[in-house]
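S.K.: Handing you a structure now.
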Amino acid sequence: MDHLEHNLAVLARRQPELAGILKATPLRHIQLTSARNGLPTGFYRRPEAGSVPLHSRYDPLQEARQSLKEINLKEADYFIFLGFGLGYGLDALLESTARERVHVFVVESDPEVLRAAFAARDLTALLSLPFIHFAWPTAGNELAQQWQNFFDPVQAQMSVFVSHPPSLVLDPPLYKSAAEIINSRTLQIFTDINTMIGSSQVFLANFVANLPRASSLPGVKAFAQQFAGVTCVLVSAGPSLDRNIHELRSVHNRALVLAADTALKPLLAAGVEPHFVMTADPRHENYLHLKDAITRDTYLVGEATAYPDSLASFDGRTILCTFENSSLPTLANLLASKGSLRAWGSVATMCLDFALMLGCNPIIFLGQDLAFSEGRTYCTGLHWEQEWFCDVRGPEDWQRRWAEIRAANQIVMTRDLFGRPVASTDKLVSYWNWITAEIEKHRDVNFINATEGGILRDHVQIMSLREALYRFCGEERDLRAEIRSRYAEAIEQNPALDLSVLTRIKEEDRQLQGIIRQGLDLCRPENLHLPVRELAARCERVKQSVHSLTHLAPLLDCFNQMGAFSFLRRQAAQSGAKVSNREIQESYLEYFQSISTASKTIEDGLSRLKPM
């Protein structure tokens, strides 16, 4: 058994798919040889540009040691290797850093390089590290998702990039993009934590304000499969919508038009009234997409935590949904009979899920650029254009303003439908990957991309909107009358809410107050005399009892994310160290106080519920 088989056997325990790929990868471009000190090294042969040495011809390990001297290793515990070569950079790192604190994430664009490393050296000790992952695939949302799964925001102290210069020479765009994706996703992880902490109270306030109205509204569940086989056009507000929006003016009796809230005013300005408009964002700023939009027959599909005025503005034409993974899971159960949709971070994905629930086929995407086509972030006609471009006096000012708007995003470069480079963002790329995966799951549905721009190209037919409407929107039917009729039936059949959920939450809240008192008592000075292990065990038992409150605990998780995060960070810092009673009390005291604050927030919100 040579090095390759030994190494692949160890890798297969953790990443069997990658091990299989490497086993089947031939060495076509790499020539392995020996350095002067006897260590393996090699060359990457490029027919057009000559050979690139993977390491020093004299001492590859010393070369790696020298390159690490430029990196601050003292505080770092997450190491992202941009290029692996034959693995000497990791050897050098482990000489100066304790193995148990090293988290290694390897981005190597060419599986042939990894195959060469696994064949040339015994890497079993490196591959057995407790925290090591070889990214594959090494681009796009797949890379971002791998990093998110690998990166622990609770444990992490500092992340650093370790570059293998020859790899950067061989594929500079990929490594530049990989670094941007990892930095962006790391920022997004912490931003999401902070956003959820900041948004929780908004979600609760909106839910409480919406509940009296929401209880009387029909839900999306009542419309399931009611338009099976009907052509549907999903309209988003991407830049390319300006190109073909006018084609929709005569389609209302031949296809359903589902619009994202951002696309409503541009559609109305073009003389197109959609059958449905979708909204979910809890912020007032998002409500402005709907405010003063005059419609006669458009029905709003709104989520239970949407900005209250959004639901009110379509009085008599509002359909309710909850999200499949609601941020207020227990309260959402009050409305679960209404039906749930998936909004994987975007109202565009919510539109797609509703179209699938309706049974529509085919489904035509429009304005779904998922990229900054022609350098713009949106089509024209959005409510904030007046604010954005109020001082623009000419084409140069206009272009400069779009550049400023783009610069506020985490840019990822990709290619559009025509093979041209186009700027996107990590979020848009993640939506693209979600939509693509969802399309692939529904092979019985015909998906057409009529955006005429952007990056949605996999598993869809690509054609102009005019052609798509000509081919798939033939027979006329009174779709608006059908929607009105189904809505009236759904109102009559609207199920009552299960208010016993609120009763159980209030009962559990009384239990919680006793748990909090126990926890705070344990953190009083008179308990400092307890043995360290006993004090920690008693505190932890009280903390765990919070999770026995099956209705209240999910809400506490939502409203106490910062308290839980801070507690876990303290625990991670204390792990393996000698901890005093006072330190144990301080960490648990902070946690029980944060639970108390979250409980009061929930109590205050529920106290404002009006009779239904």
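Labels used: A, B, ... for chains in the order of the structure tokens, numbers from 1 for residues in each chain, and numbers from 1 for ligands as shown.
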Hey, could you make a per-residue contact list for range 510-529 of chain A against range 548-555 of chain A with 12 Å as the cut-off, showing the nearest pair of atoms and its distance in Å to one decimal, counting only C-alpha atoms, sorted by chain and number, as a Markdown table?

M.R.:
```
| residue | atom | partner | partner_atom | distance |
| --- | --- | --- | --- | --- |
| A:Arg510 | CA | A:Leu549 | CA | 10.5 |
| A:Gln511 | CA | A:Leu549 | CA | 8.3 |
| A:Leu512 | CA | A:Leu549 | CA | 7.9 |
| A:Gln513 | CA | A:Leu549 | CA | 11.7 |
| A:Ile515 | CA | A:Leu549 | CA | 10.6 |
```

S.K.: Got a sec to tell me which of range 2-85 of chain A DSSP assigns to helix (DSSP H, G or I), as a ChimeraX atom specification?

M.R.: /A:3-14,16-23,60-68

S.K.: Go ahead and save the residues from that selection, with C-alpha atoms, as a compact mmCIF listing (two decimals), in the first residue's frame.

M.R.:
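For reference, part-v2.txt as written:
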```
# COMPACT_ATOMS: atom_id res chain seq x y z
CA HIS A 3 1.19 6.85 0.34
CA LEU A 4 -1.81 7.53 -1.90
CA GLU A 5 -3.88 4.61 -0.65
CA HIS A 6 -3.00 5.27 3.01
CA ASN A 7 -3.86 8.97 2.70
CA LEU A 8 -7.09 8.40 0.79
CA ALA A 9 -8.20 5.82 3.36
CA VAL A 10 -7.85 8.44 6.12
CA LEU A 11 -9.53 11.16 4.03
CA ALA A 12 -12.42 8.83 3.19
CA ARG A 13 -13.43 8.63 6.85
CA ARG A 14 -14.32 12.32 6.74
CA PRO A 16 -15.51 9.99 1.09
CA GLU A 17 -16.75 11.80 -2.02
CA LEU A 18 -13.56 13.83 -2.37
CA ALA A 19 -11.47 10.72 -1.72
CA GLY A 20 -13.23 9.04 -4.64
CA ILE A 21 -12.60 12.04 -6.90
CA LEU A 22 -8.89 12.10 -6.06
CA LYS A 23 -8.55 8.37 -6.61
CA PRO A 60 10.43 22.94 0.59
CA LEU A 61 9.75 22.82 4.33
CA GLN A 62 12.13 25.65 5.17
CA GLU A 63 10.55 27.70 2.40
CA ALA A 64 7.12 27.16 4.04
CA ARG A 65 8.50 28.09 7.46
CA GLN A 66 9.86 31.32 6.05
CA SER A 67 6.53 32.30 4.46
CA LEU A 68 4.70 31.80 7.78
```

S.K.: Would you mind listing what lies within 9 Å of Val154 in chain A as a ChimeraX atom specification, with only C-alpha atoms counted and same-chain residues fewer than 6 positions away left out?

M.R.: /A:565-566,568-570,572

S.K.: Any chance you could export the current selection's N, CA, C and O atoms as an mmCIF file, in the first residue's frame?

M.R.:
```cif
data_model
loop_
_atom_site.group_PDB
_atom_site.id
_atom_site.type_symbol
_atom_site.label_atom_id
_atom_site.label_comp_id
_atom_site.auth_asym_id
_atom_site.auth_seq_id
_atom_site.Cartn_x
_atom_site.Cartn_y
_atom_site.Cartn_z
ATOM 1 N N PHE A 565 -25.143 33.397 22.990
ATOM 2 C CA PHE A 565 -23.861 33.497 22.283
ATOM 3 C C PHE A 565 -22.752 33.917 23.244
ATOM 4 O O PHE A 565 -21.667 33.342 23.266
ATOM 5 N N SER A 566 -23.028 34.912 24.064
ATOM 6 C CA SER A 566 -22.041 35.389 25.035
ATOM 7 C C SER A 566 -21.681 34.288 26.032
ATOM 8 O O SER A 566 -20.510 34.098 26.380
ATOM 9 N N LEU A 568 -21.847 30.986 25.574
ATOM 10 C CA LEU A 568 -21.050 29.959 24.912
ATOM 11 C C LEU A 568 -19.622 30.426 24.664
ATOM 12 O O LEU A 568 -18.675 29.644 24.770
ATOM 13 N N ARG A 569 -19.454 31.707 24.352
ATOM 14 C CA ARG A 569 -18.092 32.250 24.182
ATOM 15 C C ARG A 569 -17.323 32.160 25.499
ATOM 16 O O ARG A 569 -16.140 31.803 25.508
ATOM 17 N N ARG A 570 -17.972 32.473 26.594
ATOM 18 C CA ARG A 570 -17.318 32.358 27.906
ATOM 19 C C ARG A 570 -16.932 30.902 28.186
ATOM 20 O O ARG A 570 -15.834 30.621 28.663
ATOM 21 N N ALA A 572 -16.368 28.527 26.049
ATOM 22 C CA ALA A 572 -15.261 28.121 25.176
ATOM 23 C C ALA A 572 -13.929 28.645 25.704
ATOM 24 O O ALA A 572 -12.912 27.948 25.676
#
```

S.K.: Near Ser250 in chain A, counting only C-alpha atoms, which residues have an atom at most 9 Å away, once you skip same-chain residues fewer than 4 positions from it, shown as number ranges by chain?

M.R.: A: 246, 254, 272

S.K.: Please, could you write that set of residues out with C-alpha atoms as a compact mmCIF listing (two decimals), in the first residue's frame?

M.R.:
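Output below, filename selection.txt:
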```
# COMPACT_ATOMS: atom_id res chain seq x y z
CA HIS A 246 -44.21 45.85 -21.61
CA ARG A 254 -53.57 33.72 -20.29
CA VAL A 272 -49.50 45.63 -15.81
```

S.K.: Can you pull out the residues contacting Asp59 in chain A? Cut-off 9 Å, using only C-alpha atoms, and skip same-chain residues under 6 positions away; I want them as a ChimeraX atom specification.

M.R.: /A:35-39,41

S.K.: Find the spatial neighbours of range 458-460 of chain A, counting only C-alpha atoms, within a cut-off of 9 Å - ignore same-chain residues fewer than 6 positions away - and output them as an NGL selection string.

M.R.: :A and (436 or 439-440 or 443 or 446-449)

S.K.: Find the residue from A:Leu27, A:Ala304, A:Leu528, A:Leu520 that sits nearest to Phe592 in chain A; use only C-alpha atoms when measuring.

M.R.: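 When distances to Phe592 in chain A are compared using only C-alpha atoms, the smallest one comes from A:Leu520.
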
S.K.: May I have the residues within 12 Å of Ala293 in chain A as a list in words, using only C-alpha atoms and disregarding those fewer than 2 positions away in the same chain?

M.R.: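 So, after excluding close chain neighbours, the residues are Asp261, Thr262, Ala263, Leu264, Lys265, Pro266, Leu267, Leu268, Ala269, Glu273, Pro274, Val277, Tyr287, Leu288, His289, Leu290, Lys291, Thr295, Arg296, Asp297, Thr298, Leu300, Ser310, Ser313, Phe314, Gly381, Leu382 and His383 of chain A.
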
S.K.: By how many Å are CA of Ile435 in chain A and CA of Gly271 in chain A apart?

M.R.: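 So the two atoms, CA of Ile435 in chain A and CA of Gly271 in chain A, lie 28.3 Å apart.
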
S.K.: Return as a tab-separated table the residues of range 141-205 of chain A lying at most 10 Å from range 324-327 of chain A, together with the closest atom-to-atom pair for each and the distance in Å to one decimal, counting only C-alpha atoms, with rows in chain order and ascending residue number.

M.R.:
```
residue	atom	partner	partner_atom	distance
A:Met196	CA	A:Ser327	CA	8.6
A:Ser199	CA	A:Ser327	CA	9.7
A:Ser200	CA	A:Ser327	CA	7.7
A:Phe203	CA	A:Ser327	CA	7.8
A:Leu204	CA	A:Ser327	CA	9.3
```

S.K.: Measuring atom to atom with only C-alpha atoms, identify which of A:Trp384, A:Lys69, A:Ser216, A:Arg480 is nearest to Phe276 in chain A.

M.R.: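 The closest residue to Phe276 in chain A is A:Arg480.
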
S.K.: For a quick check of understanding, using only C-alpha atoms, which of A:Ile294, A:Ile364, A:Leu341, A:Ala468 has the smallest distance to Leu258 in chain A?

M.R.: A:Ile364

S.K.: One number please: CA of Thr377 in chain A to CA of Ala237 in chain A, in Å, one decimal.

M.R.: 8.9 Å

S.K.: What's the separation between CA of Glu482 in chain A and CA of Phe223 in chain A, in Å to one decimal place?

M.R.: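 Interatomic distance, CA of Glu482 in chain A to CA of Phe223 in chain A: 10.7 Å.
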
S.K.: Going by DSSP on the backbone, which bits of range 328-378 of chain A are strand (DSSP E)? Write them as a ChimeraX atom specification, please.

M.R.: /A:340-341,363-366

S.K.: Using only C-alpha atoms, which of A:Thr186, A:Asn253, A:Asn560, A:Thr601 sits nearest Gly474 in chain A?

M.R.: A:Asn253

S.K.: Of the residues A:His133, A:Lys543, A:Arg121, A:Arg376, which is the one nearest to Val104 in chain A, using only C-alpha atoms?

M.R.: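 Counting only C-alpha atoms, the residue closest to Val104 in chain A is A:His133.
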